[in-house]
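Step one of this worksheet: look at the structure below.
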Number of protein chains: 4
Amino acid sequence: MSQSLFSQSTGMFIAETHTDAVTWFFSVDKFLVEGKTQFQQYQIVDMPTFGKTLFLDYKIQSSLLDEHVYHESMVHPAMVTHPNPKKVLVCGGGEGSTLWHALQHNTVESATMVDLDEELIDMVKIHMPEWHRGAFEDPRTTLVHQDARKWVEDHAGHGYDVILSDLPGPIEGGPALYLYTKEYFEHIANALSDDGVFVLQSGACNETYPYCFAAVHETLESLKEEFPYVRGYYGLVTTFQMPWGFIIASKKHDPMDLTPEQLQERLGGRGIKPRYTTPRFMPSMFVLPEYMYDAIKAHGRILTDAEPFLWEA
Amino acid sequence: MSQSLFSQSTGMFIAETHTDAVTWFFSVDKFLVEGKTQFQQYQIVDMPTFGKTLFLDYKIQSSLLDEHVYHESMVHPAMVTHPNPKKVLVCGGGEGSTLWHALQHNTVESATMVDLDEELIDMVKIHMPEWHRGAFEDPRTTLVHQDARKWVEDHAGHGYDVILSDLPGPIEGGPALYLYTKEYFEHIANALSDDGVFVLQSGACNETYPYCFAAVHETLESLKEEFPYVRGYYGLVTTFQMPWGFIIASKKHDPMDLTPEQLQERLGGRGIKPRYTTPRFMPSMFVLPEYMYDAIKAHGRILTDAEPFLWEA
Amino acid sequence: MSQSLFSQSTGMFIAETHTDAVTWFFSVDKFLVEGKTQFQQYQIVDMPTFGKTLFLDYKIQSSLLDEHVYHESMVHPAMVTHPNPKKVLVCGGGEGSTLWHALQHNTVESATMVDLDEELIDMVKIHMPEWHRGAFEDPRTTLVHQDARKWVEDHAGHGYDVILSDLPGPIEGGPALYLYTKEYFEHIANALSDDGVFVLQSGACNETYPYCFAAVHETLESLKEEFPYVRGYYGLVTTFQMPWGFIIASKKHDPMDLTPEQLQERLGGRGIKPRYTTPRFMPSMFVLPEYMYDAIKAHGRILTDAEPFLWEA
Amino acid sequence: MSQSLFSQSTGMFIAETHTDAVTWFFSVDKFLVEGKTQFQQYQIVDMPTFGKTLFLDYKIQSSLLDEHVYHESMVHPAMVTHPNPKKVLVCGGGEGSTLWHALQHNTVESATMVDLDEELIDMVKIHMPEWHRGAFEDPRTTLVHQDARKWVEDHAGHGYDVILSDLPGPIEGGPALYLYTKEYFEHIANALSDDGVFVLQSGACNETYPYCFAAVHETLESLKEEFPYVRGYYGLVTTFQMPWGFIIASKKHDPMDLTPEQLQERLGGRGIKPRYTTPRFMPSMFVLPEYMYDAIKAHGRILTDAEPFLWEA
């Protein structure tokens with residue numbers, strides 16, 4: 001045991017502070033790639049236990065240990081909720097794994113990925129093949145580098161079946177602040193087909209920082225006409241040191257209606273065999289702990305362009 | 001945000017290394033009580049976000065933020081599985097919260113708590129009233145300071161309805177190493193009534209350290225005759241930075257048979273209104289992620305007195 | 001070695017950031033006393049190697065390992081520069097060790113200590129006897145709790161032989177900001193006797209943060225009429241992780257004129273046998289490294305009440 | 001100030017534990033080069049304040065902030081002690097700066113550098129030009145990759161004027177353990193000319209870890225016949241967070257005999273204008289603090305091949 005402790009106290013680390021209660025010092029065996037785009041700092045490193053891992057602005061993003069947990073949770077519940085998703089839009093999704101997982105559904109005819117940070121994607125193409133697995137070369141893929149909000153606004157009436165929002169959190173001054181507001185979600189509704197499904201990553205699903213999840217949930221619930229079904233769920237992302245939250249807003253289909261048998265039929269029929277979001281397990285992901293409902297009551301509020309989310313770190 | 005970051009980089013911390021991938025630096029506002037018993041070091045501290053928090057041997061144990069998550073998960077699923085628990089044994093359970101939660105079930109006529117570390121309990125009585133809430137003074141309580149294994153061996157045929165094992169992990173050289181073996185579990189079976197229920201905390205339920213959970217699960221499964229029902233489940237303990245695993249081994253009643261309605265009836269009938277293990281939520285706790293089943297297959301083995309658990313840190 | 005590394009990666013720490021290059025995590029074996037006065041946070045802790053150690057606002061102040069290095073450096077060079085110091089003023093000096101060292105010079109007839117923080121001194125009296133060694137009870141001692149600047153201004157013409165300034169650094173918003181300005185130093189000159197000696201601790205004497213030392217040195221040099229002799233020197237304070245700077249400003253006597261023989265005669269004659277500032281060693285303390293002269297040239301400026309020091313961290 | 005603190009708590013670090021009292025977390029702006037030779041791990045990084053910095057086995061070695069302090073201290077006192085150094089041997093000295101500083105003395109006709117780690121030197125040649133400044137290409141230079149002890153043993157009677165030992169510390173199992181023993185120092189004496197000068201870096205010169213310095217000093221003092229003059233001295237290496245010790249062992253010339261005027265004459269005559277070891281400053285470097293003499297008395301012992309140094313961390 002002394003060996004692993006040695007590597008703890010003497011070695012290389014990336015530190016990330018999560019709320020004011022704890023700072024994580026992640027052990028790094030090797031820095032593989034480092035750089036800075038117009039929008040963010042990035043490091044790809046080799047970590048013990050976690051394997052190859054991506055950091056953006058010194059925040060842990062994804063590791064080979066369980067990127068499938070995050071990305072399956074990001075993609076499959078929304079995709080399977082739609083009976084026949086053909087046109088898919090991915091907002092953000094830098095590593096390419098969200099795109100890849102969406103393309104695994106063989107119903108998909110076109111997948112557009114809109115990610116602002118071209119330099120990052122160019123880096124990802126070269127250095128993160130374990131994530132994108134060639135998805136950028138898929139003939140069904142269109143890759144666009146612009147602000148996702150503008151793209152969504154410009155595609156009203158376009159009839160996307162599923163929109164997957166895999167963006168950074170709504171941090172003040174950050175590029176995604178206005179991609180978590182009621183106005184934006186209305187544009188999303190307009191860009192979706194009549195039975196379209198929207199999902200977005202929504203931040204921590206734990207007791208220390210439920211504020212973002214709560215506010216986004218409340219905001220989507222305020223759009224009852226556009227989205228009769230708003231369903232929060234979570235994935236157990238070991239790399240993040242906490243459960244992670246997602247919210248589906250759906251026009252016609254309720255993800256919680258699907259039985260394990262139906263999930264099996266849809267996923268199997270599309271050639272998909274999940275490692276984490278299995279038909280047996282997926283329904284349990286939608287059973288949120290009470291403290292998330294408490295948080296929605298206590299901290300939920302409607303985010304608008306005028307009053308977007310304020311990170312209460 | 002600069003303010004909270006200031007308190008991160010300059011201030012007081014307790015550091016805990018979890019596997020070789022990450023060391024957590026927990027921020028401390030104030031050290032309230034510190035000391036050393038014959039068996040362990042302890043600190044009670046005030047933390048931002050977490051509030052009052054107990055550390056044993058510099059490992060985080062329990063905070064006011066969510067001690068109810070851990071202790072409700074520890075107690076209620078097993079207690080509610082038994083239709084009428086009268087005689088309860090708590091092994092370990094230093095903070096007194098496991099005892100208190102058990103006593104909340106108004107069917108209980110006697111609760112015996114066996115914890116080796118008398119000095120720690122004396123300290124807990126004074127400094128952790130938010131945990132034990134007077135449970136040590138309950139007329140139904142008997143508090144014993146001796147090795148739990150010896151107590152269990154000496155009480156064969158005693159007919160406990162529920163045995164709650166809230167012990168430290170099976171660390172080499174630690175006091176609980178032989179309280180996670182097949183032989184010990186056989187003694188447990190002997191000390192239980194014919195429809196008795198046993199539950200034990202079983203370590204991390206995540207992808208970095210599923211080894212302890214996997215081995216304990218396999219060991220209990222090898223006792224099919226004694227325990228036809230072996231059911232793993234987990235609680236989302238924010239303080240631990242990960243989901244935490246528990247395993248129920250039951251002689252006659254299957255915890256997974258209970259519907260939310262039945263759970264509501266039993267808990268409500270006994271005067272209990274859980275914050276975390278609610279009738280709606282509890283069934284989802286028994287739906288383990290695939291990676292835990294994978295871990296049981298890959299790392300499960302039968303722990304014996306001759307070959308107990310070896311912490312593979 | 002694994003044992004000591006274990007205590008590093010898992011345990012209690014106080015962290016202090018020094019410039020943006022390095023954060024020190026000091027290992028704590030035990031928190032002995034903690035509290036907060038009107039002016040500052042304090043901790044007294046037991047540290048490996050350093051022993052009992054005082055932190056103020058999470059900055060390391062003094063440890064039993066080498067408090068004598070700091071306090072002998074603070075006191076003896078100035079005291080020995082004066083041929084017959086009778087009236088001494090200590091500004092600040094919370095631990096009482098500066099006072100104690102001054103009182104060791106048996107020429108001293110009265111020593112006044114002016115320290116703003118009464119609560120801290122009350123704590124020191126009880127918990128830091130190894131520092132003050134009863135100095136507060138010495139019949140020659142007068143202890144006053146008020147702002148040192150006001151005291152000095154009110155004692156123009158009082159004829160102190162030596163004034164020892166053992167204050168916190170001139171941090172913006174801190175209580176000592178205006179005790180490092182030209183105007184204040186003029187008041188000091190007025191409060192001193194005609195051959196009086198003034199010394200003040202002046203911050204780090206290294207290549208990462210020579211800015212405070214440089215500015216104070218330049219400021220005192222601008223008072224050539226009051227202080228013909230301005231002499232910087234340093235002590236090797238292991239506890240501070242760096243050499244520490246002091247500056248003597250003297251009206252008539254040049255500390256650098258004293259030979260080891262003269263130092264021996266004066267110190268020995270007054271009954272003092274230093275551990276660190278020995279007659280052999282003391283002259284070398286006044287030989288500053290070139291980089292400090294470079295820093296005075298590059299960063300020296302005259303600090304005034306209108307434009308006090310700005311910490312350029 | 002919040003900005004620099006931000007970069008402290010969130011960012012990249014290399015951690016190094018120094019004794020059991022303190023772990024330094026060095027902030028890294030960018031990892032420039034990383035790798036592993038047969039003998040050691042290395043990183044070259046950009047640090048705030050320190051600039052480009054080399055780490056070996058996660059221990060800080062040298063930064064652009066003050067590599068001149070270390071290397072001038074390593075080289076000039078010994079070189080200037082010899083009236084006319086022509087043949088120079090450098091043992092170790094990986095960065096090439098020790099070699100470069102020796103070659104600055106225009107009396108030098110040949111300089112041999114013996115460093116075991118060819119891969120490291122190849123890396124240094126490319127990535128650390130600010131250190132070696134082309135010294136490896138100097139026609140007077142011979143670069144050899146083998147064990148320095150063997151080279152010294154094989155060159156008895158070779159008549160080196162100066163031998164500069166810039167090696168890693170005598171760590172158990174490390175490559176330099178037997179380059180700090182009495183037997184080795186006897187071989188050194190044999191390889192030197194009749195008025196030859198030997199100098200070696202000798203570890204920390206502070207109160208927490210004076211053990212290595214003390215033992216090496218005692219060992220060299222036991223060779224009174226070979227080395228009548230054994231002189232310890234230190235340099236203020238900010239990068240190391242402590243004063244660093246060196247010891248000169250000289251056959252005929254006493255480094256402490258040289259006055260500032262003589263130092264000026266010799267250095268100036270050889271075309272050398274030091275930044276740190278100036279004629280004014282150099283004599284003060286030989287005035288060791290009392291605690292080092294105390295340490296020599298308390299911890300000095302004769303290191304031999306049979307009983308080499310044992311790091312008492």
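Following the order of the structure tokens, chains are lettered A, B, ..., residues in each are numbered from 1, and ligands are numbered from 1.
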Residue set, stretch 239-272 of chain C restricted to helix (DSSP H, G or I), as JSON, numbers by chain: {"C": [239, 240, 255, 256, 257, 260, 261, 262, 263, 264, 265, 266, 267, 268, 269]}
If we count only C-alpha atoms, what is near stretch 82-97 of chain A at a cut-off of 8 Å, once residues fewer than 2 positions away on the same chain are taken out, given as an NGL selection string? :A and (71 or 78-80 or 99-102 or 107-117 or 120-121 or 124 or 128 or 131-133 or 135-136 or 148 or 159-167 or 195-197 or 253 or 266)
Include C-alpha atoms and write out the residues we just selected as a PDB file, in the first residue's frame.
ATOM      1  CA  HIS A  71     -22.691   9.068 -22.524  1.00  0.00           C
ATOM      2  CA  ALA A  78     -34.026  10.135 -24.897  1.00  0.00           C
ATOM      3  CA  MET A  79     -33.393   8.154 -28.064  1.00  0.00           C
ATOM      4  CA  VAL A  80     -35.368   5.162 -26.838  1.00  0.00           C
ATOM      5  CA  LEU A  99     -22.708  11.622 -31.414  1.00  0.00           C
ATOM      6  CA  TRP A 100     -21.395   8.069 -31.635  1.00  0.00           C
ATOM      7  CA  HIS A 101     -23.978   6.733 -29.199  1.00  0.00           C
ATOM      8  CA  ALA A 102     -26.786   8.484 -31.098  1.00  0.00           C
ATOM      9  CA  THR A 107     -33.050   4.398 -37.254  1.00  0.00           C
ATOM     10  CA  VAL A 108     -30.972   7.566 -37.498  1.00  0.00           C
ATOM     11  CA  GLU A 109     -30.701   9.034 -40.983  1.00  0.00           C
ATOM     12  CA  SER A 110     -28.929  12.285 -40.138  1.00  0.00           C
ATOM     13  CA  ALA A 111     -27.074  13.583 -37.098  1.00  0.00           C
ATOM     14  CA  THR A 112     -25.923  17.176 -36.858  1.00  0.00           C
ATOM     15  CA  MET A 113     -23.426  18.132 -34.192  1.00  0.00           C
ATOM     16  CA  VAL A 114     -23.074  21.834 -33.402  1.00  0.00           C
ATOM     17  CA  ASP A 115     -20.060  22.585 -31.235  1.00  0.00           C
ATOM     18  CA  LEU A 116     -18.554  26.048 -30.987  1.00  0.00           C
ATOM     19  CA  ASP A 117     -14.986  24.944 -30.350  1.00  0.00           C
ATOM     20  CA  LEU A 120     -11.074  21.290 -29.499  1.00  0.00           C
ATOM     21  CA  ILE A 121     -12.876  18.987 -31.938  1.00  0.00           C
ATOM     22  CA  VAL A 124     -10.434  15.252 -30.132  1.00  0.00           C
ATOM     23  CA  MET A 128      -9.645  10.718 -28.374  1.00  0.00           C
ATOM     24  CA  TRP A 131     -14.596   8.348 -27.465  1.00  0.00           C
ATOM     25  CA  HIS A 132     -15.714   9.278 -31.003  1.00  0.00           C
ATOM     26  CA  ARG A 133     -14.883   5.890 -32.581  1.00  0.00           C
ATOM     27  CA  ALA A 135     -18.387   9.043 -35.623  1.00  0.00           C
ATOM     28  CA  PHE A 136     -17.189  12.235 -37.287  1.00  0.00           C
ATOM     29  CA  ALA A 148     -25.754  26.118 -30.701  1.00  0.00           C
ATOM     30  CA  GLY A 159     -38.454  18.729 -37.185  1.00  0.00           C
ATOM     31  CA  TYR A 160     -35.644  17.140 -35.235  1.00  0.00           C
ATOM     32  CA  ASP A 161     -36.809  13.949 -33.573  1.00  0.00           C
ATOM     33  CA  VAL A 162     -34.286  14.152 -30.771  1.00  0.00           C
ATOM     34  CA  ILE A 163     -32.095  17.019 -29.540  1.00  0.00           C
ATOM     35  CA  LEU A 164     -29.258  16.056 -27.211  1.00  0.00           C
ATOM     36  CA  SER A 165     -27.763  18.936 -25.237  1.00  0.00           C
ATOM     37  CA  ASP A 166     -24.308  17.955 -23.951  1.00  0.00           C
ATOM     38  CA  LEU A 167     -23.024  21.412 -23.028  1.00  0.00           C
ATOM     39  CA  ASP A 195     -43.305  14.074 -31.049  1.00  0.00           C
ATOM     40  CA  GLY A 196     -39.761  15.276 -30.513  1.00  0.00           C
ATOM     41  CA  VAL A 197     -37.668  14.604 -27.415  1.00  0.00           C
ATOM     42  CA  HIS A 253     -43.887  10.264 -25.327  1.00  0.00           C
ATOM     43  CA  ARG A 266     -36.473  -0.995 -28.947  1.00  0.00           C
TER      44      ARG A 266
END
Dump as a list in words the residues of chain B that approach chain C to within 6 Å, counting only C-alpha atoms. Thr10, Gly11, Met12, Phe13, Ile14, Ala15, Glu16 and Tyr58 of chain B
Just write the chosen residues, N, CA and C atoms, as a compact mmCIF listing (two decimals), in the first residue's frame.
# COMPACT_ATOMS: atom_id res chain seq x y z
N THR B 10 -6.21 28.22 1.23
CA THR B 10 -5.59 28.62 2.48
C THR B 10 -6.58 28.24 3.58
N GLY B 11 -6.21 27.34 4.42
CA GLY B 11 -7.14 26.93 5.47
C GLY B 11 -6.76 25.59 6.02
N MET B 12 -7.73 24.97 6.70
CA MET B 12 -7.49 23.69 7.36
C MET B 12 -8.17 22.58 6.58
N PHE B 13 -7.54 21.45 6.54
CA PHE B 13 -8.03 20.34 5.74
C PHE B 13 -7.81 19.01 6.45
N ILE B 14 -8.68 18.05 6.13
CA ILE B 14 -8.35 16.66 6.37
C ILE B 14 -8.30 15.99 5.01
N ALA B 15 -7.21 15.30 4.74
CA ALA B 15 -7.02 14.65 3.45
C ALA B 15 -7.28 13.16 3.57
N GLU B 16 -7.96 12.62 2.56
CA GLU B 16 -8.22 11.19 2.52
C GLU B 16 -7.99 10.70 1.10
N TYR B 58 -8.80 9.54 10.02
CA TYR B 58 -8.72 10.46 8.87
C TYR B 58 -9.55 10.01 7.68
Can you tell me which residues surround D:Pro48 at a distance of at most 7 Å, considering only C-alpha atoms, apart from same-chain residues fewer than 3 positions away, and format the answer as a ChimeraX atom specification? /C:20-21 /D:27,29,51
Filtering to N, CA and C atoms, could you give me those residues as an mmCIF file, in the first residue's frame?
data_model
loop_
_atom_site.group_PDB
_atom_site.id
_atom_site.type_symbol
_atom_site.label_atom_id
_atom_site.label_comp_id
_atom_site.auth_asym_id
_atom_site.auth_seq_id
_atom_site.Cartn_x
_atom_site.Cartn_y
_atom_site.Cartn_z
ATOM 1 N N ASP C 20 2.125 32.738 -6.249
ATOM 2 C CA ASP C 20 1.317 31.825 -7.055
ATOM 3 C C ASP C 20 2.095 30.569 -7.427
ATOM 4 N N ALA C 21 3.302 30.411 -6.918
ATOM 5 C CA ALA C 21 4.132 29.276 -7.323
ATOM 6 C C ALA C 21 3.938 28.041 -6.467
ATOM 7 N N SER D 27 2.704 24.892 -8.376
ATOM 8 C CA SER D 27 1.750 25.184 -9.450
ATOM 9 C C SER D 27 2.431 25.050 -10.807
ATOM 10 N N ASP D 29 1.939 25.804 -14.851
ATOM 11 C CA ASP D 29 1.150 26.417 -15.925
ATOM 12 C C ASP D 29 1.069 25.504 -17.137
ATOM 13 N N GLY D 51 9.249 30.228 -13.468
ATOM 14 C CA GLY D 51 9.571 30.017 -14.877
ATOM 15 C C GLY D 51 9.818 28.551 -15.174
#
Between atom CA of D:Thr238 and atom CA of D:Gln61, measure the distance and give it in Å to one decimal.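 Answer for the atom CA of D:Thr238 to atom CA of D:Gln61 separation: 11.3 Å.
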Could you tell me how far atom CA of D:Glu261 lies from atom CA of D:Met74, in Å and to one decimal? 20.9 Å
Would you pick out the contacts of D:Tyr211 at 9 Å or less, using only C-alpha atoms, so that residues sharing its chain but fewer than 4 positions from it are not included, and give the list as a PyMOL selection string? chain D and resi 203-204+215-216+295-296+299-300+311-312
Same residues, C-alpha atoms, saved as an mmCIF file, in the first residue's frame:
data_model
loop_
_atom_site.group_PDB
_atom_site.id
_atom_site.type_symbol
_atom_site.label_atom_id
_atom_site.label_comp_id
_atom_site.auth_asym_id
_atom_site.auth_seq_id
_atom_site.Cartn_x
_atom_site.Cartn_y
_atom_site.Cartn_z
ATOM 1 C CA GLY D 203 21.885 18.419 1.002
ATOM 2 C CA ALA D 204 19.691 20.755 2.972
ATOM 3 C CA ALA D 215 27.468 13.031 7.980
ATOM 4 C CA VAL D 216 29.314 14.093 4.840
ATOM 5 C CA ALA D 295 23.951 19.035 13.787
ATOM 6 C CA ILE D 296 27.479 17.960 12.892
ATOM 7 C CA HIS D 299 24.412 13.589 13.775
ATOM 8 C CA GLY D 300 27.854 13.502 12.164
ATOM 9 C CA TRP D 311 18.014 8.711 4.822
ATOM 10 C CA GLU D 312 16.234 9.306 8.123
#
Distance in Å - atom CA of D:Ser284 versus atom CA of D:Lys297: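 Separation of atom CA of D:Ser284 and atom CA of D:Lys297: 21.9 Å.
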Enumerate as JSON, numbers by chain all residues of stretch 56-299 of chain A assigned to strand (DSSP E or B) by DSSP on the backbone, naming them with the chain letters and numbers the document uses. {"A": [56, 59, 60, 61, 62, 63, 87, 88, 89, 90, 91, 92, 110, 111, 112, 113, 114, 141, 142, 143, 144, 160, 161, 162, 163, 164, 165, 166, 192, 193, 194, 195, 196, 197, 198, 199, 200, 201, 202, 203, 204, 229, 230, 231, 232, 233, 234, 235, 236, 237, 242, 243, 244, 245, 246, 247, 248, 249, 250]}
For C:His158, which of C:Leu143, C:Ile188, C:Met285, C:Ile171 is the closest residue, counting only C-alpha atoms?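 The answer is C:Ile188, which sits nearest to C:His158.
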Test item: residues at most 9 Å from A:Thr259, only C-alpha atoms, excluding those fewer than 2 positions along its chain, as a list of chain:residue names: A:Met256, A:Asp257, A:Glu261, A:Gln262, A:Leu263, A:Gln264, A:Pro279, A:Arg280, A:Pro283
Find the spatial neighbours of A:Phe240, counting only C-alpha atoms, within a cut-off of 12 Å - ignore same-chain residues fewer than 2 positions away - and output them as an MDAnalysis selection string. (chainID A and resid 16:18 24 26 50 53:55 59:63 65:67 69:70 203:206 235:238 242:245) or (chainID B and resid 22 206:208 238 241:243)
Contacts of C:His217 within 8 Å, only C-alpha atoms, excl. fewer than 4 positions in-chain, as a count of residues only: 7
